[in-house]
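Here's target_38.tsv, which has TSV, C-alpha atoms:
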```tsv
chain	number	residue	atom	x	y	z
A	120	MET	CA	29.33	196.91	45.43
A	121	ILE	CA	29.86	194.30	48.16
A	122	LEU	CA	32.72	194.25	50.63
A	123	SER	CA	32.49	190.98	52.48
A	124	CYS	CA	34.43	188.84	54.93
A	125	THR	CA	32.47	185.64	54.62
A	126	SER	CA	35.13	183.36	53.12
A	127	LEU	CA	38.33	184.28	54.86
A	128	SER	CA	39.61	180.79	55.56
A	129	SER	CA	41.30	180.72	52.17
A	130	LEU	CA	43.02	184.04	52.89
A	131	LEU	CA	44.35	183.36	56.37
A	132	ILE	CA	47.42	181.41	55.30
A	133	ASN	CA	49.45	183.32	57.89
A	134	PRO	CA	47.18	184.57	60.68
A	135	GLN	CA	49.72	187.18	61.81
A	136	ARG	CA	51.79	189.88	60.15
A	137	ILE	CA	55.47	190.15	61.02
A	138	HIS	CA	57.46	193.33	60.43
A	139	SER	CA	61.12	193.60	61.40
A	140	PHE	CA	62.83	196.95	61.82
A	141	ALA	CA	66.46	195.86	62.22
A	142	SER	CA	67.96	199.32	62.60
A	143	ASP	CA	65.55	200.11	65.43
A	144	LYS	CA	65.80	196.59	66.95
A	145	ILE	CA	62.01	196.22	66.80
A	146	LEU	CA	60.00	193.14	65.82
A	147	GLN	CA	56.32	193.98	65.34
A	148	VAL	CA	53.71	191.22	65.21
A	149	VAL	CA	50.23	192.31	64.09
A	150	MET	CA	47.23	190.03	64.62
A	151	PRO	CA	44.76	191.11	61.93
A	152	SER	CA	41.04	190.71	62.54
A	153	GLN	CA	38.68	189.50	59.84
A	154	LEU	CA	37.79	193.13	59.20
A	155	HIS	CA	41.48	193.74	58.49
A	156	GLU	CA	41.29	191.16	55.68
A	157	CYS	CA	38.06	192.39	54.05
A	158	ALA	CA	39.75	194.89	51.75
A	159	ALA	CA	42.15	192.29	50.32
A	160	GLU	CA	39.32	189.86	49.67
A	161	TRP	CA	37.27	192.60	48.01
A	162	VAL	CA	40.13	193.65	45.68
A	163	HIS	CA	40.73	190.00	44.75
A	164	ASP	CA	37.01	189.51	44.02
A	165	MET	CA	36.90	192.66	41.86
A	166	ILE	CA	39.88	191.40	39.82
A	167	VAL	CA	38.20	188.03	39.29
A	168	GLN	CA	34.95	189.75	38.27
A	169	ALA	CA	36.78	192.10	35.87
A	170	ARG	CA	38.46	189.12	34.22
A	171	MET	CA	35.15	187.28	33.87
A	172	GLU	CA	33.56	190.36	32.28
A	173	GLY	CA	36.46	190.88	29.88
A	174	ILE	CA	37.56	194.17	31.42
A	175	ILE	CA	40.93	192.56	32.21
A	176	PRO	CA	42.15	190.48	29.23
A	177	GLN	CA	42.55	186.72	29.67
A	178	GLY	CA	46.28	186.98	28.95
A	179	TRP	CA	46.73	188.95	32.17
A	180	ARG	CA	46.76	185.74	34.19
A	181	GLY	CA	50.04	184.70	32.59
A	182	THR	CA	51.72	187.97	33.52
A	183	MET	CA	50.79	188.49	37.19
A	184	ARG	CA	50.33	186.63	40.45
A	185	ILE	CA	48.09	187.71	43.32
A	186	ARG	CA	49.41	186.74	46.74
A	187	HIS	CA	48.17	187.36	50.27
A	188	SER	CA	50.78	188.33	52.85
A	189	PRO	CA	54.10	187.18	51.37
A	190	THR	CA	57.09	188.36	53.44
A	191	TYR	CA	59.60	190.71	51.81
A	192	LYS	CA	63.10	191.04	53.30
A	193	ASN	CA	64.98	192.55	50.34
A	194	PHE	CA	64.38	196.26	50.90
A	195	VAL	CA	67.08	198.75	49.94
A	196	GLY	CA	68.45	202.03	51.28
A	197	GLU	CA	67.14	203.21	54.63
A	198	TYR	CA	64.81	200.18	54.78
A	199	ARG	CA	67.55	197.57	54.30
A	200	GLY	CA	67.28	194.80	56.90
A	201	ARG	CA	63.56	195.33	57.51
A	202	TRP	CA	60.80	192.78	56.83
A	203	LYS	CA	57.29	193.57	55.73
A	204	GLU	CA	54.07	191.85	54.67
A	205	ALA	CA	51.22	193.54	52.84
A	206	ASP	CA	47.59	192.43	53.00
A	207	LEU	CA	47.60	191.80	49.24
A	208	THR	CA	50.30	191.90	46.55
A	209	ILE	CA	50.14	191.82	42.75
A	210	ILE	CA	53.47	190.53	41.49
A	211	PRO	CA	54.61	190.72	37.85
A	212	LEU	CA	56.05	187.61	36.20
A	213	VAL	CA	59.32	188.41	34.45
A	214	GLY	CA	61.84	186.77	32.14
A	215	PRO	CA	61.47	185.39	28.62
A	216	ASP	CA	58.88	182.77	29.63
A	217	ARG	CA	57.33	184.81	32.47
A	218	VAL	CA	57.95	182.07	35.01
A	219	LYS	CA	59.92	184.07	37.56
A	220	LYS	CA	58.31	186.49	40.02
A	221	ALA	CA	59.72	190.03	40.13
A	222	LYS	CA	61.75	191.02	43.19
A	223	PHE	CA	58.91	193.23	44.37
A	224	PRO	CA	55.18	193.44	43.70
A	225	SER	CA	54.00	196.24	41.44
A	226	VAL	CA	50.81	196.80	43.47
A	227	ILE	CA	50.27	196.31	47.19
A	228	LEU	CA	47.35	196.85	49.54
A	229	GLU	CA	47.70	197.78	53.20
A	230	SER	CA	44.63	198.09	55.42
A	231	GLY	CA	44.49	199.48	58.89
A	232	TRP	CA	42.07	199.16	61.76
A	233	THR	CA	44.21	200.00	64.78
A	234	GLU	CA	46.89	201.70	62.67
A	235	THR	CA	46.61	205.44	62.23
A	236	LEU	CA	46.42	206.98	58.78
A	237	ALA	CA	49.88	208.43	59.39
A	238	LYS	CA	51.22	204.91	60.02
A	239	LEU	CA	49.60	203.65	56.82
A	240	LYS	CA	51.23	206.50	54.90
A	241	ASP	CA	54.58	205.49	56.42
A	242	ASP	CA	53.88	201.96	55.18
A	243	ALA	CA	53.33	203.31	51.66
A	244	ARG	CA	56.67	205.11	51.79
A	245	HIS	CA	58.36	201.95	53.11
A	246	TRP	CA	57.09	199.93	50.15
A	247	GLN	CA	57.89	202.48	47.48
A	248	VAL	CA	61.21	203.88	48.71
A	249	GLY	CA	62.36	200.53	50.11
A	250	SER	CA	61.72	198.81	46.78
A	251	GLY	CA	63.54	201.47	44.76
A	252	GLN	CA	60.15	202.50	43.31
A	253	GLU	CA	59.51	198.97	42.00
A	254	VAL	CA	56.22	199.07	43.93
A	255	ARG	CA	54.28	201.32	41.55
A	256	VAL	CA	50.91	201.56	43.32
A	257	VAL	CA	50.05	201.41	47.02
A	258	LEU	CA	46.39	201.09	48.00
A	259	LEU	CA	45.67	202.13	51.58
A	260	VAL	CA	42.39	201.30	53.33
A	261	LYS	CA	41.72	202.95	56.66
A	262	PHE	CA	38.81	201.64	58.78
A	263	TYR	CA	37.18	203.75	61.50
A	264	GLN	CA	35.20	202.82	64.61
A	265	PRO	CA	31.51	201.97	64.02
A	266	ASN	CA	28.92	204.57	64.93
A	267	ARG	CA	25.69	203.94	66.89
A	268	GLN	CA	23.99	202.52	63.80
A	269	LYS	CA	26.85	200.01	63.40
A	270	ARG	CA	27.96	201.82	60.28
A	271	ILE	CA	31.67	202.08	59.77
A	272	ARG	CA	33.55	204.34	57.43
A	273	LEU	CA	36.51	203.31	55.36
A	274	ASP	CA	38.68	205.60	53.29
A	275	LEU	CA	40.55	204.38	50.22
A	276	PHE	CA	43.79	206.15	49.32
A	277	ILE	CA	46.08	205.61	46.32
A	278	ASN	CA	49.78	206.42	46.03
A	279	ARG	CA	51.44	206.07	42.62
A	280	THR	CA	55.08	206.27	41.60
A	281	ARG	CA	57.29	205.53	38.60
A	282	PRO	CA	60.54	203.53	38.59
A	283	GLY	CA	63.35	205.85	39.63
A	284	GLY	CA	60.86	208.69	40.13
A	285	GLN	CA	59.13	210.43	42.95
A	286	SER	CA	55.80	209.48	44.45
A	287	HIS	CA	52.84	211.43	43.12
A	288	GLY	CA	51.62	211.78	46.70
A	289	ILE	CA	48.81	210.01	48.48
A	290	GLU	CA	45.36	210.94	47.20
A	291	ARG	CA	42.04	210.03	48.74
A	292	TYR	CA	40.12	208.07	46.14
A	293	ALA	CA	36.81	207.45	47.89
A	294	SER	CA	35.11	206.98	51.23
A	295	PHE	CA	32.45	204.36	51.92
A	296	PHE	CA	29.82	203.80	54.55
A	297	CYS	CA	29.52	200.13	55.39
A	298	ILE	CA	27.11	198.15	57.54
A	299	LEU	CA	28.61	195.84	60.10
A	300	TYR	CA	26.84	192.48	60.52
A	301	THR	CA	28.21	190.89	63.66
A	302	THR	CA	27.70	190.04	67.28
A	303	ASP	CA	31.42	189.87	68.04
A	304	PHE	CA	33.12	192.73	66.24
A	305	PHE	CA	36.65	191.39	66.35
A	306	THR	CA	36.15	187.72	65.49
A	307	ASN	CA	33.02	187.35	63.37
A	308	VAL	CA	32.80	190.19	60.88
A	309	SER	CA	30.86	190.61	57.68
A	310	VAL	CA	30.82	193.98	56.01
A	311	ALA	CA	28.62	195.02	53.10
A	312	SER	CA	29.20	198.30	51.33
A	313	VAL	CA	25.94	200.21	51.06
A	314	ALA	CA	26.89	203.64	49.74
A	315	TYR	CA	29.69	205.84	48.59
A	316	LEU	CA	30.22	208.55	51.14
A	317	SER	CA	32.09	210.85	48.80
A	318	TYR	CA	34.62	211.22	46.04
A	319	PRO	CA	37.20	213.98	46.20
```
Before anything else, please render the file you have as C-alpha cells.
Amino acid sequence: MILSCTSLSSLLINPQRIHSFASDKILQVVMPSQLHECAAEWVHDMIVQARMEGIIPQGWRGTMRIRHSPTYKNFVGEYRGRWKEADLTIIPLVGPDRVKKAKFPSVILESGWTETLAKLKDDARHWQVGSGQEVRVVLLVKFYQPNRQKRIRLDLFINRTRPGGQSHGIERYASFFCILYTTDFFTNVSVASVAYLSYP
C-alpha cells in the first residue's frame, strides 16, 4: 500500500481551508501542508484502483462525484451559519437523471497534523449533526510527529451514522507506520506506507 504526496498540484485547488463559526464570531483559516493532503490523494487513488479492478462497478461513476475541499455553508441546527471544508468529499448525484449533487456529501475525509484527535472528532460531529445525518461516513486521519528514524504514525478512524439516526461512535480502523522522504518536512513531503502498525 502506498500513501504518497507526489502529485499534489492537481489537488491544491484552494491552498487554504476556511471555517466560519458565526455564533462564536470566529473565522479560522488553515494552511494545510502537503502531508495534510496525502490522505485525500491516497483515498482517491484507492477508489480509482478499485474501479479499474472491478471492485467498484463502472456504473458508480454516474452516481457519485469526488471533490477536494468544496465549501459547505448550509449546516442546520447548532451548526447553522458555520462554514466548513473537508479534505475530500464523496457526493451522491440525485434526481431522476442523477445530474444534481446532493445537499451534502455522503462520505467526507478530514485529516489532521496540527489538530488534536479531539478536534478531529469535533469535526466529525459537525459534519454529521450539522448535515442532519446526511453525511453517513466520516473518515478521520490523525498524523503524529516523526520519530528519530523519520517514521511517522497515522491513525485512521471511521464514524458511521444513518439518516435520522445516531452516530455509531468513532472507531479506530487501523494505524500505519510511514516513512517520511523529505528534506523540508512542511513543504516537500512524500510519504510511503511501509507497514500496518495494528488493527483493533
Query raised in the report: A:Gly288, A:Tyr263, A:Phe223, A:Arg272: which is nearest Met183 of chain A, counting all atoms listed in the file?
Result: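 With all atoms listed in the file as the atom set, the closest residue is A:Phe223.
Shortest separation to Val195 of chain A among A:Asp241, A:Asp164, A:Glu253, A:Asp274 occurs at residue A:Glu253, atoms counted being all atoms listed in the file.
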Under the rule of at most 12 Å, produce a per-residue listing of segment 229-304 of chain A near segment 207-217 of chain A: chain, number, name, the closest pair of atoms, and the distance in Å, as a Markdown table, using all atoms listed in the file.
```
| residue | atom | partner | partner_atom | distance |
| --- | --- | --- | --- | --- |
| A:Glu229 | CA | A:Leu207 | CA | 7.2 |
| A:Ser230 | CA | A:Leu207 | CA | 9.3 |
| A:Trp246 | CA | A:Thr208 | CA | 11.1 |
| A:Glu253 | CA | A:Ile210 | CA | 10.4 |
| A:Val254 | CA | A:Ile210 | CA | 9.3 |
| A:Arg255 | CA | A:Ile209 | CA | 10.4 |
| A:Val256 | CA | A:Ile209 | CA | 9.8 |
| A:Val257 | CA | A:Thr208 | CA | 9.5 |
| A:Leu258 | CA | A:Leu207 | CA | 9.5 |
| A:Leu259 | CA | A:Leu207 | CA | 10.8 |
| A:Val260 | CA | A:Leu207 | CA | 11.6 |
```
With C-alpha atoms retained, export the selected residues as a PDB file, keeping the file's coordinate frame.
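And here's part.pdb as it stands now:
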```pdb
ATOM      1  CA  GLU A 229      47.700 197.780  53.200  1.00  0.00           C
ATOM      2  CA  SER A 230      44.630 198.090  55.420  1.00  0.00           C
ATOM      3  CA  TRP A 246      57.090 199.930  50.150  1.00  0.00           C
ATOM      4  CA  GLU A 253      59.510 198.970  42.000  1.00  0.00           C
ATOM      5  CA  VAL A 254      56.220 199.070  43.930  1.00  0.00           C
ATOM      6  CA  ARG A 255      54.280 201.320  41.550  1.00  0.00           C
ATOM      7  CA  VAL A 256      50.910 201.560  43.320  1.00  0.00           C
ATOM      8  CA  VAL A 257      50.050 201.410  47.020  1.00  0.00           C
ATOM      9  CA  LEU A 258      46.390 201.090  48.000  1.00  0.00           C
ATOM     10  CA  LEU A 259      45.670 202.130  51.580  1.00  0.00           C
ATOM     11  CA  VAL A 260      42.390 201.300  53.330  1.00  0.00           C
TER      12      VAL A 260
END
```
**Report entry** Atomic separation - atom CA of Phe194 of chain A relative to atom CA of His245 of chain A, Å
**Finding:** 8.6 Å
Query raised in the report: Which residue out of A:Val218, A:Ile277, A:Leu239, A:Val248 has the minimum interatomic distance to Gly181 of chain A when all atoms listed in the file are used?
Result: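 Counting all atoms listed in the file, the residue closest to Gly181 of chain A is A:Val218.
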Query - Surrounding residues of Lys261 of chain A excluding itself and chain neighbours under 3 positions, 7 Å, only C-alpha atoms, as a PyMOL selection string - result: chain A and resi 230-232+236+273-275
Given the point (56.3, 188.0, 46.6) in the file's coordinates, find the residues that have an atom at most 8 Å from it, counting all atoms listed in the file, and give them as a compact mmCIF listing (two decimals) with C-alpha atoms, keeping the file's coordinate frame.
```
# COMPACT_ATOMS: atom_id res chain seq x y z
CA ARG A 186 49.41 186.74 46.74
CA PRO A 189 54.10 187.18 51.37
CA THR A 190 57.09 188.36 53.44
CA TYR A 191 59.60 190.71 51.81
CA THR A 208 50.30 191.90 46.55
CA ILE A 210 53.47 190.53 41.49
CA LYS A 220 58.31 186.49 40.02
CA ALA A 221 59.72 190.03 40.13
CA LYS A 222 61.75 191.02 43.19
CA PHE A 223 58.91 193.23 44.37
CA PRO A 224 55.18 193.44 43.70
```
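Across the structure, atom CA of Glu197 of chain A and atom CA of Ala243 of chain A are spaced 14.1 Å apart.
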Query raised in the report: With only C-alpha atoms as the basis for distance, which of A:Thr182, A:Ser250, A:Thr233, A:Ser286 is at the shortest distance from Arg199 of chain A?
Result: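 Closest to Arg199 of chain A of all the choices is A:Ser250.
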Report task. Tell me which of A:His163, A:Arg184, A:Gly249, A:Glu172 sits closest to Gly200 of chain A, counting all atoms listed in the file. Result ->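 Looking only at the distances to Gly200 of chain A, the closest residue turns out to be A:Gly249.
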Report summary line: For Thr280 of chain A, the closest of A:Ser188, A:Thr235, A:Gln247, A:Ser294 counting only C-alpha atoms is A:Gln247
